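Some notes on the structure that comes next.
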Amino acid sequence: MVTTLPSTADIWAWLDAVPDPEIPVISIVDLGIIRGVAWEGDTLVVEVTPTYSGCPATSVINMDIETALRAKGVERLELRRRLSPPWTTDWLSRKGRARLEAYGIAPPQPAGGPQRCPHCGDSEGLERISQFGSTPCKAQWRCRSCGEPFDYFKCI
Amino acid sequence: MLDAPMTREAALFEGLLRLGDSTLILGHRVSEWCGHAPALEEDIALANTALDLIGQTQLWLGLAAEIEGKGRTADDLAYLREAWEFRNLLLVEQPNGDFGVTIMRQFLFDAWYGPLLTRLADSAEPRLAEIAAKAAKEVAYHLERSTELVIGLGDGTEESHARMQAALDQLWPYAGEMCASDAVDAMLAEAGIAPDPAALRPAWEARLADVMGKARLTIPQSRFAHQGGRTGTHTEHLGYILATMQWLQRAHPGATW
């Protein structure tokens with residue numbers, strides 16, 4: 001049977017519709033964890049890198065990728081774990097960063113702390129509560145202007 | 001056992017067990033705090049640290065199993081070995097004690113493990129190097145946090161200072177094992193796979209002197225170091241840890257999520 005395989009551009013677009021299970025406002029493509037999409041013969045190979053090595057969302061993400069691509073008719077699929085180069089928050093997409101902030105999570109900054117409060121926008125009086133937050137990728141911060149705590153996406 | 005010349009693969013397997021067993025046992029120890037830490041933020045931080053360590057364990061032991069080539073998995077190595085087959089440092093199996101002991105143990109470990117990972121990221125064994133490069137990023141956060149806490153608590157109240165000094169005095173005899181070398185290390189160093197642990201000692205001591213100085217804590221004079229964890233002779237604490245950690249796989253072999 002001869003059928004046309006979907007283009008890798010289509011695959012990327014489909015993957016961009018798969019939400020991150022922990023932070024559903026961004027996609028797994030926004031998160032920068034899809035490191036490669038290619039056909040090897042009639043098998044689609046998707047390379048995925050973990051954010052943090054112990055992130056419990058990793059197996060859920062693999063399941064979501066498989067579910068999404070199967071629904072689009074991809075029959076032969078192989079998910080490959082890729083460790084190197086290690087995931088960095090530099091790979092977050094611009095769209096992803098904007099969505100994080102709108103959702104109330106300050107996007108990562110090279111300076112190591114949030115640029116402004118995602119609630120009130122104030123950039124003064126931000127203080128760190130803890131380097132660790134509700135998921136491995138986040139830290140807890142507080143804004144003294146509006147008095148609200150917020151998550152900051154750690155820069156790694 | 002070391003009479004016959006050791007192969008590169010055998011040394012690599014041992015080296016990976018030493019890494020993976022240390023992160024596994026420390027990860028398990030730290031996870032015992034979950035729901036018991038002195039403040040919510042600390043509870044979350046400890047759980048996150050434990051999670052990173054367990055994640056790294058899956059990679060270290062996964063590679064160890066692959067190198068061994070006997071069909072075992074990371075889970076088999078973690079859950080189905082006996083205490084004498086574990087190669088973790090004695091330091092990481094020491095009981096949590098109070099929060100001060102837990103944080104001091106973490107700092108002593110992080111101050112060794114972080115720089116070690118940086119060196120391992122240049123290993124001649126690429127599969128080991130890529131795990132190290134990934135873990136190094138996570139451990140940089142652990143080290144930053146444990147350093148801040150040791151300084152904050154050491155140079156804190158009279159009570160916190162006394163507890164941190166007691167923690168350092170208690171754990172110190174278990175710290176030196178990290179920088180001890182044996183035939184496995186020599187083989188790995190020669191093959192360019194891992195640095196000689198003794199070579200890491202000067203930088204580790206310099207960091208300790210700096211941090212303990214800022215924390216107003218006194219490093220004990222004695223350089224006596226208990227040995228044995230890395231060759232399978234453990235303190236009495238490891239058996240209890242394994243009894244808790246392994247019971248499910250022992251009671252229900254092959255159980256999976």
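Residues are named by chain letter and number: chains run A, B, ... in the order of the structure tokens, numbers start at 1 in each chain, and ligands are numbered from 1 in the order shown.
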
Exercise for the section: Write down, as a PyMOL selection string, each residue of chain B that has any atom within 6 Å of an atom of chain A, counting only C-alpha atoms. Expected result: chain B and resi 45+48+51-52+55-56+130+134

Next item on the list: For Leu63 in chain B, list every protein, DNA or RNA residue within 12 Å, evaluated using only C-alpha atoms, and leave out those in the same chain fewer than 5 positions away; present the list as a list of chain:residue names.
Entry: B:Glu9, B:Leu12, B:Phe13, B:Glu14, B:Gly15, B:Leu16, B:Leu17, B:Leu19, B:Gly20, B:Gln56, B:Thr57, B:Gln58, B:Glu68, B:Gly69, B:Gly71, B:Arg72, B:Thr73, B:Ala74, B:Asp75, B:Leu77, B:Glu125, B:Pro126, B:Arg127, B:Leu128, B:Ala129, B:Glu130, B:Ile131, B:Ala132

Next, write the just-selected residues to a file, as a PDB file, in the first residue's frame, keeping N, CA and C atoms as the atom set.
ATOM      1  N   GLU B   9      35.010  -2.641  31.396  1.00  0.00           N
ATOM      2  CA  GLU B   9      33.561  -2.716  31.592  1.00  0.00           C
ATOM      3  C   GLU B   9      33.209  -3.001  33.045  1.00  0.00           C
ATOM      4  N   LEU B  12      33.757   0.113  35.006  1.00  0.00           N
ATOM      5  CA  LEU B  12      32.709   1.084  34.684  1.00  0.00           C
ATOM      6  C   LEU B  12      31.412   0.727  35.403  1.00  0.00           C
ATOM      7  N   PHE B  13      31.088  -0.570  35.417  1.00  0.00           N
ATOM      8  CA  PHE B  13      29.881  -1.030  36.116  1.00  0.00           C
ATOM      9  C   PHE B  13      29.963  -0.666  37.603  1.00  0.00           C
ATOM     10  N   GLU B  14      31.106  -0.960  38.230  1.00  0.00           N
ATOM     11  CA  GLU B  14      31.304  -0.624  39.648  1.00  0.00           C
ATOM     12  C   GLU B  14      31.181   0.888  39.873  1.00  0.00           C
ATOM     13  N   GLY B  15      31.836   1.641  39.000  1.00  0.00           N
ATOM     14  CA  GLY B  15      31.813   3.103  39.127  1.00  0.00           C
ATOM     15  C   GLY B  15      30.399   3.649  39.025  1.00  0.00           C
ATOM     16  N   LEU B  16      29.616   3.085  38.112  1.00  0.00           N
ATOM     17  CA  LEU B  16      28.229   3.539  37.942  1.00  0.00           C
ATOM     18  C   LEU B  16      27.371   3.158  39.141  1.00  0.00           C
ATOM     19  N   LEU B  17      27.631   1.968  39.715  1.00  0.00           N
ATOM     20  CA  LEU B  17      26.895   1.579  40.927  1.00  0.00           C
ATOM     21  C   LEU B  17      27.209   2.544  42.065  1.00  0.00           C
ATOM     22  N   LEU B  19      27.969   5.651  41.890  1.00  0.00           N
ATOM     23  CA  LEU B  19      27.234   6.897  41.674  1.00  0.00           C
ATOM     24  C   LEU B  19      25.740   6.686  41.918  1.00  0.00           C
ATOM     25  N   GLY B  20      25.195   5.689  41.230  1.00  0.00           N
ATOM     26  CA  GLY B  20      23.750   5.462  41.284  1.00  0.00           C
ATOM     27  C   GLY B  20      23.256   5.035  42.651  1.00  0.00           C
ATOM     28  N   GLN B  56      18.229  10.937  38.677  1.00  0.00           N
ATOM     29  CA  GLN B  56      19.611  10.668  38.273  1.00  0.00           C
ATOM     30  C   GLN B  56      19.951   9.193  38.497  1.00  0.00           C
ATOM     31  N   THR B  57      19.391   8.633  39.556  1.00  0.00           N
ATOM     32  CA  THR B  57      19.609   7.215  39.836  1.00  0.00           C
ATOM     33  C   THR B  57      19.130   6.352  38.672  1.00  0.00           C
ATOM     34  N   GLN B  58      17.954   6.689  38.135  1.00  0.00           N
ATOM     35  CA  GLN B  58      17.424   5.905  37.010  1.00  0.00           C
ATOM     36  C   GLN B  58      18.399   5.915  35.845  1.00  0.00           C
ATOM     37  N   GLU B  68      26.390  -3.850  32.146  1.00  0.00           N
ATOM     38  CA  GLU B  68      26.495  -5.206  32.671  1.00  0.00           C
ATOM     39  C   GLU B  68      26.048  -6.231  31.632  1.00  0.00           C
ATOM     40  N   GLY B  69      24.993  -5.875  30.908  1.00  0.00           N
ATOM     41  CA  GLY B  69      24.542  -6.724  29.810  1.00  0.00           C
ATOM     42  C   GLY B  69      23.974  -8.076  30.204  1.00  0.00           C
ATOM     43  N   GLY B  71      20.737  -8.340  31.208  1.00  0.00           N
ATOM     44  CA  GLY B  71      19.282  -8.236  31.129  1.00  0.00           C
ATOM     45  C   GLY B  71      18.628  -7.617  32.349  1.00  0.00           C
ATOM     46  N   ARG B  72      19.447  -7.124  33.303  1.00  0.00           N
ATOM     47  CA  ARG B  72      18.838  -6.474  34.459  1.00  0.00           C
ATOM     48  C   ARG B  72      18.478  -5.027  34.100  1.00  0.00           C
ATOM     49  N   THR B  73      17.528  -4.467  34.841  1.00  0.00           N
ATOM     50  CA  THR B  73      17.114  -3.083  34.617  1.00  0.00           C
ATOM     51  C   THR B  73      17.546  -2.245  35.824  1.00  0.00           C
ATOM     52  N   ALA B  74      17.357  -0.926  35.703  1.00  0.00           N
ATOM     53  CA  ALA B  74      17.656  -0.031  36.827  1.00  0.00           C
ATOM     54  C   ALA B  74      16.827  -0.446  38.043  1.00  0.00           C
ATOM     55  N   ASP B  75      15.574  -0.802  37.821  1.00  0.00           N
ATOM     56  CA  ASP B  75      14.710  -1.228  38.927  1.00  0.00           C
ATOM     57  C   ASP B  75      15.227  -2.512  39.586  1.00  0.00           C
ATOM     58  N   LEU B  77      18.272  -3.478  39.799  1.00  0.00           N
ATOM     59  CA  LEU B  77      19.440  -3.135  40.598  1.00  0.00           C
ATOM     60  C   LEU B  77      19.024  -2.420  41.888  1.00  0.00           C
ATOM     61  N   GLU B 125      33.769   8.238  28.330  1.00  0.00           N
ATOM     62  CA  GLU B 125      32.603   7.388  28.069  1.00  0.00           C
ATOM     63  C   GLU B 125      31.405   8.313  27.814  1.00  0.00           C
ATOM     64  N   PRO B 126      30.998   8.460  26.558  1.00  0.00           N
ATOM     65  CA  PRO B 126      29.977   9.473  26.231  1.00  0.00           C
ATOM     66  C   PRO B 126      28.632   9.267  26.931  1.00  0.00           C
ATOM     67  N   ARG B 127      28.263   8.006  27.166  1.00  0.00           N
ATOM     68  CA  ARG B 127      26.956   7.767  27.802  1.00  0.00           C
ATOM     69  C   ARG B 127      26.970   8.246  29.250  1.00  0.00           C
ATOM     70  N   LEU B 128      28.134   8.151  29.881  1.00  0.00           N
ATOM     71  CA  LEU B 128      28.278   8.647  31.248  1.00  0.00           C
ATOM     72  C   LEU B 128      28.343  10.178  31.237  1.00  0.00           C
ATOM     73  N   ALA B 129      29.058  10.711  30.251  1.00  0.00           N
ATOM     74  CA  ALA B 129      29.231  12.169  30.167  1.00  0.00           C
ATOM     75  C   ALA B 129      27.896  12.884  30.013  1.00  0.00           C
ATOM     76  N   GLU B 130      26.999  12.320  29.201  1.00  0.00           N
ATOM     77  CA  GLU B 130      25.739  13.044  28.966  1.00  0.00           C
ATOM     78  C   GLU B 130      24.833  13.018  30.198  1.00  0.00           C
ATOM     79  N   ILE B 131      24.914  11.966  30.984  1.00  0.00           N
ATOM     80  CA  ILE B 131      24.137  11.937  32.230  1.00  0.00           C
ATOM     81  C   ILE B 131      24.713  12.983  33.192  1.00  0.00           C
ATOM     82  N   ALA B 132      26.041  13.028  33.275  1.00  0.00           N
ATOM     83  CA  ALA B 132      26.693  13.970  34.183  1.00  0.00           C
ATOM     84  C   ALA B 132      26.362  15.412  33.817  1.00  0.00           C
TER      85      ALA B 132
END

Contacts of Ala167 in chain B at 10 Å or less, counting only C-alpha atoms, minus same-chain residues fewer than 3 places along, as a list in words? Gly97, Asp98, Phe99, Gly100, Val101, Thr102, Ile103, Met104, Arg105, His161, Ala162, Arg163, Met164, Gln170, Leu171 and Trp172 of chain B

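Going from CA of Ala57 in chain A over to CA of Glu22 in chain A, you cover 7.1 Å.
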
From the DSSP assignment of the backbone, select every residue of chain A that is strand (DSSP E or B), and format the answer as a short mmCIF file (atom, residue, chain, number, x, y, z; two decimals) with N, CA and C atoms, in the first residue's frame.
data_model
loop_
_atom_site.label_atom_id
_atom_site.label_comp_id
_atom_site.auth_asym_id
_atom_site.auth_seq_id
_atom_site.Cartn_x
_atom_site.Cartn_y
_atom_site.Cartn_z
N PRO A 19 -0.49 19.72 25.01
CA PRO A 19 -0.13 20.57 26.16
C PRO A 19 0.85 19.87 27.10
N SER A 27 2.70 24.32 25.11
CA SER A 27 2.78 23.00 24.47
C SER A 27 4.15 22.39 24.74
N ILE A 34 11.02 18.70 22.44
CA ILE A 34 11.04 17.89 21.21
C ILE A 34 12.31 18.26 20.46
N ARG A 35 13.23 17.35 20.37
CA ARG A 35 14.55 17.66 19.80
C ARG A 35 14.71 17.18 18.37
N GLY A 36 13.77 16.43 17.87
CA GLY A 36 13.89 15.98 16.49
C GLY A 36 12.65 15.25 16.03
N VAL A 37 12.29 15.47 14.78
CA VAL A 37 11.17 14.76 14.17
C VAL A 37 11.64 14.34 12.79
N ALA A 38 11.66 13.06 12.52
CA ALA A 38 12.16 12.60 11.21
C ALA A 38 11.55 11.25 10.85
N TRP A 39 11.39 11.04 9.56
CA TRP A 39 10.95 9.73 9.09
C TRP A 39 12.17 8.87 8.82
N GLU A 40 12.16 7.68 9.36
CA GLU A 40 13.19 6.69 9.00
C GLU A 40 12.42 5.56 8.32
N THR A 43 8.81 4.75 9.48
CA THR A 43 8.70 4.92 10.94
C THR A 43 9.00 6.37 11.31
N LEU A 44 8.10 6.95 12.08
CA LEU A 44 8.32 8.32 12.54
C LEU A 44 9.12 8.26 13.84
N VAL A 45 10.26 8.95 13.84
CA VAL A 45 11.10 8.98 15.04
C VAL A 45 11.00 10.37 15.66
N VAL A 46 10.55 10.39 16.91
CA VAL A 46 10.45 11.66 17.63
C VAL A 46 11.43 11.60 18.80
N GLU A 47 12.36 12.55 18.81
CA GLU A 47 13.34 12.60 19.88
C GLU A 47 12.86 13.55 20.97
N VAL A 48 12.83 13.04 22.21
CA VAL A 48 12.33 13.82 23.34
C VAL A 48 13.42 13.89 24.40
N LEU A 77 5.64 4.42 15.02
CA LEU A 77 6.16 5.55 15.79
C LEU A 77 7.20 5.05 16.77
N GLU A 78 8.31 5.78 16.84
CA GLU A 78 9.32 5.44 17.84
C GLU A 78 9.70 6.70 18.60
N LEU A 79 9.59 6.63 19.93
CA LEU A 79 10.00 7.77 20.76
C LEU A 79 11.39 7.47 21.29
N ARG A 80 12.31 8.38 21.02
CA ARG A 80 13.69 8.17 21.48
C ARG A 80 14.03 9.21 22.54
N ARG A 81 14.61 8.73 23.64
CA ARG A 81 15.06 9.67 24.66
C ARG A 81 16.41 10.23 24.26
N ILE A 105 3.01 32.58 35.75
CA ILE A 105 4.34 32.03 36.02
C ILE A 105 5.37 32.93 35.36
N ALA A 106 6.27 33.51 36.15
CA ALA A 106 7.29 34.38 35.57
C ALA A 106 8.26 33.53 34.75
N LEU A 126 10.77 42.25 44.54
CA LEU A 126 10.48 40.82 44.35
C LEU A 126 11.44 40.05 45.25
N GLU A 127 10.93 39.06 45.97
CA GLU A 127 11.84 38.29 46.83
C GLU A 127 11.60 36.80 46.68
N ARG A 128 12.70 36.08 46.79
CA ARG A 128 12.62 34.63 46.64
C ARG A 128 12.17 33.99 47.95
N ILE A 129 11.21 33.11 47.87
CA ILE A 129 10.79 32.36 49.06
C ILE A 129 11.58 31.06 49.12
N SER A 130 11.68 30.37 47.99
CA SER A 130 12.42 29.10 47.94
C SER A 130 12.88 28.84 46.52
N LYS A 138 10.20 24.84 38.77
CA LYS A 138 9.80 26.16 39.27
C LYS A 138 10.35 26.48 40.66
N ALA A 139 10.48 27.79 40.91
CA ALA A 139 10.87 28.29 42.23
C ALA A 139 9.73 29.17 42.75
N GLN A 140 9.73 29.41 44.05
CA GLN A 140 8.66 30.24 44.63
C GLN A 140 9.19 31.64 44.94
N TRP A 141 8.45 32.63 44.45
CA TRP A 141 8.80 34.02 44.70
C TRP A 141 7.58 34.76 45.25
N ARG A 142 7.83 35.99 45.68
CA ARG A 142 6.75 36.81 46.24
C ARG A 142 6.97 38.24 45.77
N CYS A 143 5.85 38.95 45.56
CA CYS A 143 5.90 40.36 45.17
C CYS A 143 5.45 41.19 46.35
N PRO A 149 2.19 35.72 46.19
CA PRO A 149 3.26 34.80 45.82
C PRO A 149 3.09 34.39 44.36
N PHE A 150 4.15 33.97 43.72
CA PHE A 150 4.03 33.46 42.35
C PHE A 150 5.14 32.47 42.05
N ASP A 151 4.91 31.68 41.00
CA ASP A 151 5.91 30.72 40.55
C ASP A 151 6.85 31.41 39.57
N TYR A 152 8.11 31.03 39.65
CA TYR A 152 9.11 31.50 38.68
C TYR A 152 9.70 30.26 38.02
N PHE A 153 9.73 30.28 36.71
CA PHE A 153 10.29 29.14 35.96
C PHE A 153 11.81 29.24 36.05
#

| task | List every residue of range 38-216 of chain B that DSSP, applied to the backbone of this structure, places in alpha helix (DSSP H), and write the result as an MDAnalysis selection string. | result | chainID B and resid 40:68 74:79 90:93 99:120 126:154 158:175 183:190 197:214

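With only C-alpha atoms as the atoms that count, the residue of B:Leu248, B:Ala133, B:Ala65, B:Ala83 with the shortest distance to Gly232 in chain B is B:Ala83.
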
**Prompt:** So how many Å separate CA of Leu92 in chain A and CA of Leu31 in chain A, to one decimal?
**Reply:**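 Going from CA of Leu92 in chain A over to CA of Leu31 in chain A covers 4.9 Å.
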
At a cut-off of 7 Å, using only C-alpha atoms, what residues contact Ile28 in chain A? Leave out same-chain residues fewer than 4 positions from it and give the result as a list in words.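 Listed by chain and then number, they are Leu15, Asp16, Val18, Pro19, Asp20, Gly32, Ile33 and Ile34 of chain A.
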
Write a file of the just-selected residues containing N, CA and C atoms, as a PDB file, in the first residue's frame.
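So result_4.pdb came out as:
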ATOM      1  N   LEU A  15       2.341  18.279  17.231  1.00  0.00           N
ATOM      2  CA  LEU A  15       2.967  18.210  18.558  1.00  0.00           C
ATOM      3  C   LEU A  15       2.797  19.527  19.319  1.00  0.00           C
ATOM      4  N   ASP A  16       2.724  20.631  18.545  1.00  0.00           N
ATOM      5  CA  ASP A  16       2.551  21.933  19.182  1.00  0.00           C
ATOM      6  C   ASP A  16       1.150  22.080  19.776  1.00  0.00           C
ATOM      7  N   VAL A  18      -0.043  19.579  21.628  1.00  0.00           N
ATOM      8  CA  VAL A  18      -0.032  18.712  22.825  1.00  0.00           C
ATOM      9  C   VAL A  18       0.391  19.538  24.028  1.00  0.00           C
ATOM     10  N   PRO A  19      -0.494  19.722  25.012  1.00  0.00           N
ATOM     11  CA  PRO A  19      -0.129  20.565  26.156  1.00  0.00           C
ATOM     12  C   PRO A  19       0.846  19.868  27.104  1.00  0.00           C
ATOM     13  N   ASP A  20       1.658  20.675  27.770  1.00  0.00           N
ATOM     14  CA  ASP A  20       2.489  20.135  28.839  1.00  0.00           C
ATOM     15  C   ASP A  20       1.537  19.700  29.957  1.00  0.00           C
ATOM     16  N   GLY A  32      10.316  23.110  24.512  1.00  0.00           N
ATOM     17  CA  GLY A  32      11.644  22.846  23.937  1.00  0.00           C
ATOM     18  C   GLY A  32      12.146  21.436  24.157  1.00  0.00           C
ATOM     19  N   ILE A  33      11.235  20.517  24.457  1.00  0.00           N
ATOM     20  CA  ILE A  33      11.700  19.156  24.746  1.00  0.00           C
ATOM     21  C   ILE A  33      11.641  18.226  23.529  1.00  0.00           C
ATOM     22  N   ILE A  34      11.017  18.700  22.445  1.00  0.00           N
ATOM     23  CA  ILE A  34      11.035  17.893  21.213  1.00  0.00           C
ATOM     24  C   ILE A  34      12.310  18.263  20.460  1.00  0.00           C
TER      25      ILE A  34
END

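When only C-alpha atoms are used to measure the gap to Lys95 in chain A, the shortest distance among A:Pro107, A:Gly147, A:Pro118, A:Gly125 belongs to A:Pro107.
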
Practice prompt. Grab the CA of Arg8 in chain B to CA of Val184 in chain B distance for me, in Å with one decimal place.
Written response: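 For CA of Arg8 in chain B relative to CA of Val184 in chain B, the distance reads 9.2 Å.
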